[in-house]
>>> print(open('model.txt').read())   # compact mmCIF, C-alpha atoms (C1' of nucleotides)
# COMPACT_ATOMS: atom_id res chain seq x y z
CA MET A 1 18.47 26.12 1.95
CA ALA A 2 21.76 25.11 0.40
CA ARG A 3 24.28 23.32 2.54
CA THR A 4 28.03 23.64 2.36
CA THR A 5 30.71 21.20 3.38
CA GLY A 6 30.84 20.51 7.10
CA SER A 7 30.32 18.01 9.90
CA HIS A 8 26.82 17.36 11.17
CA SER A 9 26.74 13.69 12.00
CA ASP A 10 24.52 14.08 15.03
CA ILE A 11 21.66 15.79 13.24
CA THR A 12 21.93 14.55 9.66
CA GLY A 13 21.10 10.96 10.57
CA PRO A 14 17.73 11.76 12.14
CA ARG A 15 16.93 14.24 9.39
CA ILE A 16 17.57 11.56 6.77
CA ARG A 17 15.21 9.16 8.53
CA ALA A 18 12.56 11.85 8.89
CA ALA A 19 12.80 12.83 5.23
CA ALA A 20 12.71 9.21 4.10
CA GLN A 21 9.66 8.51 6.26
CA ASP A 22 7.82 11.50 4.87
CA LEU A 23 8.67 10.73 1.25
CA PHE A 24 8.10 6.97 1.50
CA ALA A 25 4.67 7.59 3.03
CA ARG A 26 3.68 10.10 0.40
CA HIS A 27 5.01 8.51 -2.76
CA GLY A 28 6.01 4.95 -1.92
CA TYR A 29 9.42 3.39 -1.38
CA ALA A 30 9.95 2.38 -5.00
CA ALA A 31 8.97 5.80 -6.31
CA VAL A 32 11.40 7.74 -4.11
CA SER A 33 15.04 8.04 -5.14
CA MET A 34 18.02 8.50 -2.88
CA ARG A 35 18.65 11.81 -4.63
CA ARG A 36 15.21 13.02 -3.63
CA ILE A 37 15.76 12.09 0.00
CA ALA A 38 19.13 13.82 -0.07
CA GLY A 39 17.52 16.89 -1.60
CA ALA A 40 14.94 17.06 1.16
CA VAL A 41 17.71 16.95 3.76
CA GLY A 42 19.95 19.38 1.92
CA VAL A 43 22.89 17.11 1.15
CA GLN A 44 24.12 15.26 -1.91
CA ALA A 45 23.05 11.68 -2.53
CA GLY A 46 26.47 10.24 -1.81
CA ALA A 47 26.40 11.62 1.73
CA LEU A 48 23.43 9.40 2.63
CA TYR A 49 25.67 6.37 2.53
CA ASN A 50 27.50 7.59 5.63
CA TYR A 51 24.27 6.83 7.52
CA THR A 52 22.71 3.88 5.81
CA ARG A 53 24.19 0.89 4.07
CA ASP A 54 21.66 1.13 1.26
CA LYS A 55 18.08 2.12 0.50
CA GLN A 56 16.68 -1.18 1.74
CA SER A 57 18.25 -0.69 5.17
CA LEU A 58 16.74 2.76 5.36
CA LEU A 59 13.26 1.28 4.86
CA PHE A 60 13.81 -1.65 7.18
CA ASP A 61 15.21 0.50 9.99
CA LEU A 62 12.18 2.78 9.84
CA MET A 63 9.77 -0.13 9.99
CA GLN A 64 11.60 -1.97 12.74
CA ALA A 65 11.89 1.15 14.90
CA HIS A 66 8.17 1.78 14.46
CA MET A 67 7.14 -1.72 15.46
CA GLU A 68 9.46 -1.76 18.45
CA ASP A 69 8.14 1.62 19.59
CA LEU A 70 4.62 0.24 19.29
CA LEU A 71 5.33 -2.81 21.45
CA ALA A 72 7.30 -0.83 24.02
CA ALA A 73 4.55 1.77 24.34
CA LEU A 74 1.87 -0.87 24.73
CA ASP A 75 3.86 -2.68 27.40
CA ALA A 76 4.36 0.61 29.23
CA GLU A 77 0.59 1.07 29.66
CA PRO A 78 -0.82 0.56 33.17
CA ARG A 79 -1.86 -3.03 33.80
CA GLN A 80 -5.43 -3.87 34.66
CA ALA A 81 -7.23 -7.05 35.61
CA ASP A 82 -10.72 -6.71 34.17
CA PRO A 83 -10.85 -7.87 30.52
CA LEU A 84 -13.37 -5.18 29.57
CA GLU A 85 -11.12 -2.47 30.99
CA ARG A 86 -8.11 -3.97 29.28
CA LEU A 87 -9.95 -4.00 25.96
CA ARG A 88 -11.00 -0.41 26.46
CA ALA A 89 -7.42 0.59 27.23
CA PHE A 90 -6.11 -1.30 24.21
CA THR A 91 -8.65 0.35 21.91
CA ARG A 92 -7.79 3.79 23.19
CA PHE A 93 -4.06 3.10 23.02
CA HIS A 94 -4.23 1.72 19.50
CA ILE A 95 -6.19 4.66 18.14
CA ARG A 96 -3.96 7.29 19.73
CA PHE A 97 -0.66 5.65 18.91
CA HIS A 98 -1.58 5.06 15.30
CA LEU A 99 -3.07 8.50 14.68
CA GLU A 100 0.05 10.13 16.10
CA ARG A 101 2.27 8.26 13.65
CA GLN A 102 0.31 8.16 10.41
CA ASP A 103 3.38 8.09 8.16
CA ALA A 104 5.13 5.28 10.02
CA VAL A 105 1.92 3.24 10.19
CA PHE A 106 1.27 3.69 6.51
CA ILE A 107 4.78 2.59 5.58
CA ALA A 108 4.72 -0.39 7.95
CA TYR A 109 1.69 -1.70 6.10
CA MET A 110 2.22 -0.58 2.50
CA GLU A 111 5.89 -1.37 2.10
CA LEU A 112 5.94 -4.91 3.45
CA ARG A 113 6.26 -6.23 -0.09
CA ASN A 114 9.37 -4.15 -0.69
CA LEU A 115 11.26 -5.75 2.18
CA ASP A 116 13.91 -8.35 1.50
CA PRO A 117 12.70 -11.77 2.72
CA GLY A 118 14.72 -11.79 5.96
CA ASN A 119 13.65 -8.27 6.84
CA PHE A 120 10.04 -9.15 6.06
CA GLU A 121 10.12 -12.02 8.54
CA THR A 122 11.45 -9.76 11.28
CA ILE A 123 8.70 -7.20 10.81
CA GLU A 124 6.00 -9.84 10.55
CA ALA A 125 7.12 -11.38 13.83
CA LEU A 126 6.79 -8.00 15.54
CA ARG A 127 3.35 -7.54 14.08
CA ARG A 128 2.21 -10.96 15.27
CA SER A 129 3.54 -10.13 18.70
CA TYR A 130 1.31 -7.05 18.80
CA GLU A 131 -1.73 -9.01 17.68
CA ASP A 132 -1.03 -11.58 20.36
CA ARG A 133 -1.41 -8.91 23.03
CA LEU A 134 -4.96 -8.24 21.90
CA GLU A 135 -5.81 -11.88 21.46
CA ALA A 136 -4.73 -12.56 25.05
CA ILE A 137 -7.23 -9.97 26.26
CA LEU A 138 -10.02 -11.54 24.24
CA ARG A 139 -9.14 -15.04 25.40
CA ASP A 140 -9.17 -14.01 29.05
CA GLY A 141 -12.51 -12.27 28.54
CA VAL A 142 -14.00 -15.30 26.87
CA GLY A 143 -12.77 -17.41 29.77
CA ASP A 144 -14.60 -15.39 32.39
CA GLY A 145 -17.70 -14.73 30.29
CA THR A 146 -17.02 -11.06 29.62
CA PHE A 147 -16.82 -11.66 25.87
CA THR A 148 -18.51 -13.99 23.43
CA VAL A 149 -16.51 -14.58 20.27
CA ALA A 150 -16.50 -17.66 18.08
CA ASP A 151 -12.78 -17.41 17.27
CA THR A 152 -10.37 -15.19 19.21
CA LYS A 153 -7.81 -15.05 16.38
CA VAL A 154 -10.35 -13.90 13.82
CA ALA A 155 -11.91 -11.47 16.28
CA THR A 156 -8.45 -10.03 16.94
CA LEU A 157 -7.85 -9.42 13.25
CA ALA A 158 -11.35 -8.03 12.78
CA LEU A 159 -10.95 -5.50 15.60
CA ILE A 160 -7.48 -4.42 14.47
CA GLY A 161 -8.75 -4.04 10.91
CA MET A 162 -11.61 -1.89 12.12
CA LEU A 163 -9.33 0.33 14.20
CA ASN A 164 -6.68 0.63 11.50
CA GLY A 165 -9.29 2.02 9.14
CA ILE A 166 -9.39 5.20 11.19
CA ASN A 167 -6.03 6.21 9.78
CA THR A 168 -7.45 6.33 6.27
CA TRP A 169 -10.01 8.99 7.04
CA TYR A 170 -9.40 10.78 10.35
CA ARG A 171 -8.02 14.31 10.17
CA ALA A 172 -7.42 16.43 13.25
CA GLU A 173 -9.14 19.41 11.62
CA GLY A 174 -12.18 17.32 10.63
CA ARG A 175 -15.73 17.09 11.91
CA LEU A 176 -14.97 14.91 14.93
CA THR A 177 -12.58 15.28 17.84
CA LEU A 178 -10.22 12.47 18.78
CA GLU A 179 -12.31 11.86 21.90
CA GLN A 180 -15.47 11.46 19.86
CA VAL A 181 -13.79 9.02 17.52
CA GLU A 182 -12.48 7.02 20.46
CA GLN A 183 -15.95 6.88 21.97
CA ILE A 184 -17.66 5.77 18.77
CA TYR A 185 -15.13 3.06 18.06
CA TRP A 186 -15.08 1.86 21.64
CA ASP A 187 -18.86 1.47 21.49
CA MET A 188 -18.54 -0.66 18.37
CA VAL A 189 -15.61 -2.71 19.64
CA ARG A 190 -17.36 -3.42 22.91
CA ARG A 191 -20.59 -4.48 21.29
CA ALA A 192 -18.86 -6.57 18.62
CA VAL A 193 -17.39 -8.87 21.26
CA ALA A 194 -19.98 -8.43 24.00
CA GLY A 195 -20.85 -11.44 26.15
CA MET B 1 6.88 -19.87 -24.62
CA ALA B 2 8.53 -17.52 -27.10
CA ARG B 3 6.33 -15.56 -29.43
CA THR B 4 7.02 -14.62 -32.99
CA THR B 5 5.64 -11.84 -35.09
CA GLY B 6 1.91 -12.08 -35.70
CA SER B 7 -1.52 -10.62 -35.07
CA HIS B 8 -3.22 -11.32 -31.76
CA SER B 9 -5.04 -8.12 -30.91
CA ASP B 10 -8.04 -9.88 -29.41
CA ILE B 11 -6.12 -11.82 -26.77
CA THR B 12 -3.03 -9.73 -26.13
CA GLY B 13 -4.98 -6.85 -24.59
CA PRO B 14 -6.58 -8.95 -21.84
CA ARG B 15 -3.31 -10.77 -21.23
CA ILE B 16 -1.51 -7.47 -20.72
CA ARG B 17 -4.11 -6.33 -18.20
CA ALA B 18 -3.94 -9.67 -16.39
CA ALA B 19 -0.15 -9.61 -16.23
CA ALA B 20 -0.10 -6.00 -15.07
CA GLN B 21 -2.66 -6.73 -12.37
CA ASP B 22 -0.68 -9.68 -11.10
CA LEU B 23 2.65 -7.85 -11.09
CA PHE B 24 1.29 -4.58 -9.68
CA ALA B 25 -0.36 -6.49 -6.82
CA ARG B 26 2.76 -8.46 -6.02
CA HIS B 27 5.47 -5.85 -6.37
CA GLY B 28 3.75 -2.47 -6.61
CA TYR B 29 3.15 -0.19 -9.58
CA ALA B 30 6.36 1.79 -9.22
CA ALA B 31 8.49 -1.33 -8.89
CA VAL B 32 7.18 -3.00 -12.06
CA SER B 33 8.63 -1.99 -15.43
CA MET B 34 6.89 -2.10 -18.77
CA ARG B 35 9.56 -4.54 -19.91
CA ARG B 36 8.62 -6.89 -17.08
CA ILE B 37 4.93 -6.79 -17.98
CA ALA B 38 5.82 -7.43 -21.60
CA GLY B 39 8.00 -10.35 -20.54
CA ALA B 40 5.14 -11.92 -18.60
CA VAL B 41 2.91 -11.67 -21.65
CA GLY B 42 5.56 -12.87 -24.08
CA VAL B 43 5.92 -9.74 -26.21
CA GLN B 44 8.43 -6.93 -26.44
CA ALA B 45 7.91 -3.74 -24.45
CA GLY B 46 7.13 -1.64 -27.48
CA ALA B 47 4.14 -3.81 -28.32
CA LEU B 48 2.38 -2.80 -25.10
CA TYR B 49 1.84 0.66 -26.48
CA ASN B 50 -0.62 -0.70 -29.04
CA TYR B 51 -2.94 -1.38 -26.10
CA THR B 52 -2.27 1.35 -23.59
CA ARG B 53 -1.32 4.97 -24.00
CA ASP B 54 1.19 4.72 -21.17
CA LYS B 55 1.86 3.00 -17.86
CA GLN B 56 -0.40 5.35 -15.92
CA SER B 57 -3.39 4.47 -18.13
CA LEU B 58 -2.73 0.80 -17.56
CA LEU B 59 -3.02 1.33 -13.80
CA PHE B 60 -6.01 3.62 -14.01
CA ASP B 61 -7.95 1.33 -16.35
CA LEU B 62 -7.46 -1.61 -13.98
CA MET B 63 -8.66 0.39 -11.00
CA GLN B 64 -11.62 1.94 -12.77
CA ALA B 65 -12.79 -1.40 -14.16
CA HIS B 66 -12.56 -2.93 -10.69
CA MET B 67 -14.59 -0.19 -9.02
CA GLU B 68 -17.23 -0.25 -11.73
CA ASP B 69 -17.50 -4.03 -11.48
CA LEU B 70 -17.94 -3.66 -7.74
CA LEU B 71 -20.78 -1.17 -8.02
CA ALA B 72 -22.51 -3.07 -10.83
CA ALA B 73 -22.34 -6.33 -8.88
CA LEU B 74 -23.72 -4.71 -5.74
CA ASP B 75 -26.57 -3.12 -7.66
CA ALA B 76 -27.36 -6.50 -9.24
CA GLU B 77 -28.00 -8.08 -5.83
CA PRO B 78 -31.64 -8.86 -4.94
CA ARG B 79 -33.35 -5.96 -3.18
CA GLN B 80 -34.73 -6.38 0.28
CA ALA B 81 -36.70 -4.15 2.62
CA ASP B 82 -35.56 -5.09 6.12
CA PRO B 83 -32.41 -3.16 7.14
CA LEU B 84 -31.00 -6.14 9.04
CA GLU B 85 -31.38 -8.38 6.01
CA ARG B 86 -29.89 -5.71 3.78
CA LEU B 87 -26.89 -5.40 6.09
CA ARG B 88 -26.48 -9.16 6.15
CA ALA B 89 -26.60 -9.28 2.35
CA PHE B 90 -24.11 -6.42 2.07
CA THR B 91 -21.69 -8.11 4.47
CA ARG B 92 -21.87 -11.37 2.60
CA PHE B 93 -21.54 -9.65 -0.76
CA HIS B 94 -18.58 -7.56 0.31
CA ILE B 95 -16.65 -10.51 1.71
CA ARG B 96 -17.22 -12.71 -1.33
CA PHE B 97 -16.57 -10.07 -3.94
CA HIS B 98 -13.36 -8.89 -2.32
CA LEU B 99 -11.97 -12.36 -1.63
CA GLU B 100 -12.57 -13.35 -5.23
CA ARG B 101 -10.52 -10.39 -6.49
CA GLN B 102 -7.66 -10.07 -4.05
CA ASP B 103 -5.23 -8.59 -6.57
CA ALA B 104 -7.62 -5.94 -7.89
CA VAL B 105 -8.68 -4.99 -4.36
CA PHE B 106 -5.11 -4.68 -3.21
CA ILE B 107 -4.19 -2.45 -6.14
CA ALA B 108 -7.29 -0.29 -5.76
CA TYR B 109 -6.19 0.54 -2.24
CA MET B 110 -2.39 0.55 -2.40
CA GLU B 111 -1.86 2.40 -5.64
CA LEU B 112 -4.14 5.36 -5.06
CA ARG B 113 -1.11 7.55 -4.46
CA ASN B 114 0.36 6.63 -7.83
CA LEU B 115 -2.64 7.94 -9.74
CA ASP B 116 -2.48 11.27 -11.51
CA PRO B 117 -4.73 13.81 -9.74
CA GLY B 118 -7.62 13.58 -12.20
CA ASN B 119 -7.57 9.80 -12.19
CA PHE B 120 -7.44 9.81 -8.40
CA GLU B 121 -10.59 11.89 -8.20
CA THR B 122 -12.45 9.50 -10.48
CA ILE B 123 -11.53 6.46 -8.39
CA GLU B 124 -12.29 8.22 -5.14
CA ALA B 125 -15.74 9.16 -6.38
CA LEU B 126 -16.45 5.51 -7.18
CA ARG B 127 -15.26 4.48 -3.75
CA ARG B 128 -17.45 7.03 -2.03
CA SER B 129 -20.37 5.81 -4.07
CA TYR B 130 -19.83 2.30 -2.72
CA GLU B 131 -19.59 3.55 0.85
CA ASP B 132 -22.80 5.49 0.36
CA ARG B 133 -24.65 2.25 -0.38
CA LEU B 134 -23.73 0.89 3.04
CA GLU B 135 -24.41 4.15 4.81
CA ALA B 136 -27.92 4.21 3.33
CA ILE B 137 -28.60 0.82 4.89
CA LEU B 138 -27.37 1.99 8.29
CA ARG B 139 -29.37 5.20 8.09
CA ASP B 140 -32.56 3.35 7.26
CA GLY B 141 -31.93 0.92 10.11
CA VAL B 142 -31.32 3.74 12.56
CA GLY B 143 -34.54 5.35 11.41
CA ASP B 144 -36.66 2.32 12.23
CA GLY B 145 -34.79 1.34 15.38
CA THR B 146 -33.05 -1.73 13.95
CA PHE B 147 -29.61 -0.19 14.54
CA THR B 148 -28.10 2.10 17.12
CA VAL B 149 -25.05 3.98 15.88
CA ALA B 150 -23.83 7.38 16.98
CA ASP B 151 -22.62 8.37 13.50
CA THR B 152 -23.60 6.50 10.34
CA LYS B 153 -20.63 7.79 8.34
CA VAL B 154 -18.09 6.63 10.91
CA ALA B 155 -19.92 3.33 11.39
CA THR B 156 -19.81 2.79 7.63
CA LEU B 157 -16.06 3.30 7.53
CA ALA B 158 -15.57 1.14 10.61
CA LEU B 159 -17.51 -1.78 9.14
CA ILE B 160 -15.81 -1.54 5.76
CA GLY B 161 -12.43 -1.40 7.47
CA MET B 162 -13.26 -4.47 9.48
CA LEU B 163 -14.40 -6.40 6.41
CA ASN B 164 -11.48 -5.28 4.27
CA GLY B 165 -9.09 -6.72 6.81
CA ILE B 166 -10.17 -10.21 5.80
CA ASN B 167 -8.20 -9.87 2.58
CA THR B 168 -4.95 -9.53 4.48
CA TRP B 169 -5.20 -12.90 6.17
CA TYR B 170 -7.80 -15.19 4.59
CA ARG B 171 -6.51 -18.05 2.45
CA ALA B 172 -8.80 -20.60 0.83
CA GLU B 173 -6.59 -23.44 2.03
CA GLY B 174 -6.51 -22.13 5.59
CA ARG B 175 -8.15 -23.22 8.82
CA LEU B 176 -11.58 -21.70 8.14
CA THR B 177 -14.02 -22.08 5.27
CA LEU B 178 -15.48 -19.04 3.55
CA GLU B 179 -18.82 -19.82 5.16
CA GLN B 180 -17.29 -19.84 8.63
CA VAL B 181 -15.58 -16.52 8.01
CA GLU B 182 -18.82 -15.01 6.75
CA GLN B 183 -20.64 -16.22 9.86
CA ILE B 184 -18.05 -14.91 12.31
CA TYR B 185 -17.88 -11.49 10.65
CA TRP B 186 -21.63 -11.23 10.30
CA ASP B 187 -21.98 -11.88 14.03
CA MET B 188 -19.55 -9.07 14.79
CA VAL B 189 -21.05 -6.66 12.25
CA ARG B 190 -24.55 -7.28 13.55
CA ARG B 191 -23.61 -6.80 17.16
CA ALA B 192 -21.46 -3.73 16.47
CA VAL B 193 -24.49 -1.80 15.18
CA ALA B 194 -27.25 -3.61 17.08
CA GLY B 195 -30.21 -1.59 18.29
C1' DG C 1 31.18 14.31 6.82
C1' DT C 2 30.18 16.12 2.55
C1' DC C 3 31.33 17.11 -2.04
C1' DT C 4 31.81 16.11 -7.16
C1' DA C 5 32.18 12.81 -10.60
C1' DT C 6 31.23 8.61 -12.49
C1' DA C 7 30.44 3.66 -13.18
C1' DA C 8 27.02 0.54 -14.52
C1' DC C 9 22.60 -0.08 -15.48
C1' DA C 10 17.30 0.24 -15.86
C1' DG C 11 13.44 3.13 -16.74
C1' DG C 12 9.40 4.93 -20.16
C1' DA C 13 8.40 5.86 -24.56
C1' DT C 14 9.02 6.19 -29.76
C1' DA C 15 10.50 5.12 -34.87
C1' DG C 16 10.63 2.47 -38.58
C1' DA C 17 11.20 -2.26 -40.57
C1' DC C 18 8.53 -6.33 -41.47
C1' DG D 1 0.55 -6.14 -34.40
C1' DT D 2 5.03 -7.07 -33.15
C1' DC D 3 9.83 -6.59 -33.65
C1' DT D 4 14.45 -4.37 -32.97
C1' DA D 5 16.94 -0.43 -32.04
C1' DT D 6 17.39 3.73 -29.80
C1' DC D 7 16.70 8.27 -27.27
C1' DC D 8 16.87 10.35 -23.14
C1' DT D 9 16.45 10.39 -18.55
C1' DG D 10 16.93 8.62 -14.03
C1' DT D 11 18.65 4.96 -10.81
C1' DT D 12 21.84 2.98 -6.85
C1' DA D 13 26.12 2.91 -5.20
C1' DT D 14 31.11 3.95 -5.03
C1' DA D 15 35.79 6.67 -5.37
C1' DG D 16 38.59 10.09 -4.25
C1' DA D 17 39.20 15.21 -3.31
C1' DC D 18 38.61 18.51 0.37
>>> encode(input="model.txt", output="structure tokens")
Amino acid sequence: MARTTGSHSDITGPRIRAAAQDLFARHGYAAVSMRRIAGAVGVQAGALYNYTRDKQSLLFDLMQAHMEDLLAALDAEPRQADPLERLRAFTRFHIRFHLERQDAVFIAYMELRNLDPGNFETIEALRRSYEDRLEAILRDGVGDGTFTVADTKVATLALIGMLNGINTWYRAEGRLTLEQVEQIYWDMVRRAVAG
Amino acid sequence: MARTTGSHSDITGPRIRAAAQDLFARHGYAAVSMRRIAGAVGVQAGALYNYTRDKQSLLFDLMQAHMEDLLAALDAEPRQADPLERLRAFTRFHIRFHLERQDAVFIAYMELRNLDPGNFETIEALRRSYEDRLEAILRDGVGDGTFTVADTKVATLALIGMLNGINTWYRAEGRLTLEQVEQIYWDMVRRAVAG
DNA sequence: GTCTATAACAGGATAGAC
DNA sequence: GTCTATCCTGTTATAGAC
């Protein structure tokens, strides 16, 4: 739909971010031009610069917002004491959150190398912060004998790698329901670190 | 070192592929120009077209060669009968092969979306073929009671995801030796599918 | 806030000389 | 087989009109 001149500051900004997220996820940051993003929104390329300083900021803002959403949502989960229950809750949370935001997750991983160095450091710090949440669960569980793992840092990365893989193959219309996937992965996570 | 006019067909081809692999892995296919690849090799951009039809073929040939190497190397491994030993051998093979080829592995995963549709199908078929090798091990082990997994296809993808994650963090000069990493991951793989 | 127009430059690929 | 030169297209970002 063609757009004519007018004022839409309150909706154009979000639409630009949504279009950029969709296009970056599908084709990659470097392969998507500002003109193409503008076209998807229905404005001319020059108008984008009312909302973002440049293309790099557009990418960084998407990634930062995603990582901050992730940490905020995790911290908003109910607290529990038992390490096994905390691990179960983390597993379930991770799967759901990531499957609900496939585009943002994909970008946050694939486009790290297209971030300017300072921006890269910011995103990496947020990622480490998320990993630390899981490692704390494992460490507590090792302390009370719930878990047996040789190295909590490596186990953390192994579990996150396993869970992240779901995003590469799961489709809502596929053979398995979300609940079935959660159950299968929880079984494997639990056994992988079992005491 | 500057190059002058001359004939070097037997070494320039491999050098182009090596430079492209390095640059694609570091910056991404879309972000690397033919001029930059040529610069890394020490020739002018036009000379590249004596060795590759176009940029897309350069990417595809790298990915296809990597996947075919992977399958050939796996099939060259000693055969064993016991499912647990076969899974152990697969785990060890996967870790070693992938850590020895970090650039090729990274490209084979990250640049799938930059392949033309026909090329994409070819690479995907090779990838599925590799996954099928692991699934066959799990299925045999479920059959004789060695393993207990609810869904061999999902378990295959979960294990490969877990193992692939190593490439994102392992560094030869880091805290752990390759042998230690292999041991830790084998422990987790074994327990995750234990009967 | 969006438009049109444009500056300034980089991209893939090819032609023809050597 | 490699070079230089070039075609043609596309890129980010900005300027000024409305």
>>> residues_around(input="model.txt", residues="stretch 8-11 of chain C", least_positions_apart="4", cutoff="8 Å", atoms="all atoms listed in the file", output="list of chain:residue names")
B:Ser33, D:DG10, D:DT11
>>> residues_around(input="model.txt", residues="D:DA5", least_positions_apart="5", cutoff="12 Å", atoms="all atoms listed in the file", output="ChimeraX atom specification")
/B:46 /C:14-17
>>> closest_residue(input="model.txt", among="A:Leu48, A:Ile11, A:Val41, A:Ile16", to="chain D", atoms="only C-alpha atoms (C1' of nucleotides)")
A:Leu48
>>> residues_around(input="model.txt", residues="C:DT6", least_positions_apart="3", cutoff="12 Å", atoms="all atoms listed in the file", output="list in words")
Gly46 of chain A; DA13, DT14, DA15 and DG16 of chain D
>>> atom_distance(input="model.txt", atom1="atom CA of A:Gln180", atom2="atom CA of A:Arg26")
27.3 Å
>>> atom_distance(input="model.txt", atom1="atom CA of A:Leu157", atom2="atom CA of B:His27")
24.0 Å
>>> interface_residues(input="model.txt", of="chain C", to="chain A", cutoff="10 Å", atoms="all atoms listed in the file", output="PyMOL selection string")
chain C and resi 1-4
>>> interface_residues(input="model.txt", of="chain D", to="chain B", cutoff="7 Å", atoms="only C-alpha atoms (C1' of nucleotides)", output="list of chain:residue names")
D:DG1, D:DT2, D:DC3
>>> write_last_selection(input="model.txt", atoms="C-alpha atoms (C1' of nucleotides)", output="short mmCIF file (atom, residue, chain, number, x, y, z; two decimals), in the frame of the given file")
data_model
loop_
_atom_site.label_atom_id
_atom_site.label_comp_id
_atom_site.auth_asym_id
_atom_site.auth_seq_id
_atom_site.Cartn_x
_atom_site.Cartn_y
_atom_site.Cartn_z
"C1'" DG D 1 0.55 -6.14 -34.40
"C1'" DT D 2 5.03 -7.07 -33.15
"C1'" DC D 3 9.83 -6.59 -33.65
#
>>> residues_around(input="model.txt", residues="stretch 131-133 of chain B", least_positions_apart="6", cutoff="9 Å", atoms="all atoms listed in the file", output="list in words")
Leu74, Lys153, Thr156, Leu157 and Ile160 of chain B
>>> interface_residues(input="model.txt", of="chain B", to="chain A", cutoff="9 Å", atoms="only C-alpha atoms", output="ChimeraX atom specification")
/B:26-31,110,113-114,149-151,154-155,157-166,169,181,184-185,187-194
>>> residues_around(input="model.txt", residues="stretch 96-101 of chain B", least_positions_apart="4", cutoff="9 Å", atoms="only C-alpha atoms (C1' of nucleotides)", output="number ranges by chain")
B: 66, 70, 73, 91-92, 105-106, 164, 166-167, 170-171, 178, 182
>>> write_last_selection(input="model.txt", atoms="C-alpha atoms", output="short mmCIF file (atom, residue, chain, number, x, y, z; two decimals), keeping the file's coordinate frame")
data_model
loop_
_atom_site.label_atom_id
_atom_site.label_comp_id
_atom_site.auth_asym_id
_atom_site.auth_seq_id
_atom_site.Cartn_x
_atom_site.Cartn_y
_atom_site.Cartn_z
CA HIS B 66 -12.56 -2.93 -10.69
CA LEU B 70 -17.94 -3.66 -7.74
CA ALA B 73 -22.34 -6.33 -8.88
CA THR B 91 -21.69 -8.11 4.47
CA ARG B 92 -21.87 -11.37 2.60
CA VAL B 105 -8.68 -4.99 -4.36
CA PHE B 106 -5.11 -4.68 -3.21
CA ASN B 164 -11.48 -5.28 4.27
CA ILE B 166 -10.17 -10.21 5.80
CA ASN B 167 -8.20 -9.87 2.58
CA TYR B 170 -7.80 -15.19 4.59
CA ARG B 171 -6.51 -18.05 2.45
CA LEU B 178 -15.48 -19.04 3.55
CA GLU B 182 -18.82 -15.01 6.75
#
>>> axis_aligned_box(input="model.txt", around="stretch 2-16 of chain C", padding_each_side="6 Å", output="AutoDock Vina command-line options")
--center_x 20.3 --center_y 8.5 --center_z -18.0 --size_x 35.8 --size_y 29.2 --size_z 53.1
>>> atom_distance(input="model.txt", atom1="atom CA of B:Ile123", atom2="atom CA of B:Ala40")
26.8 Å
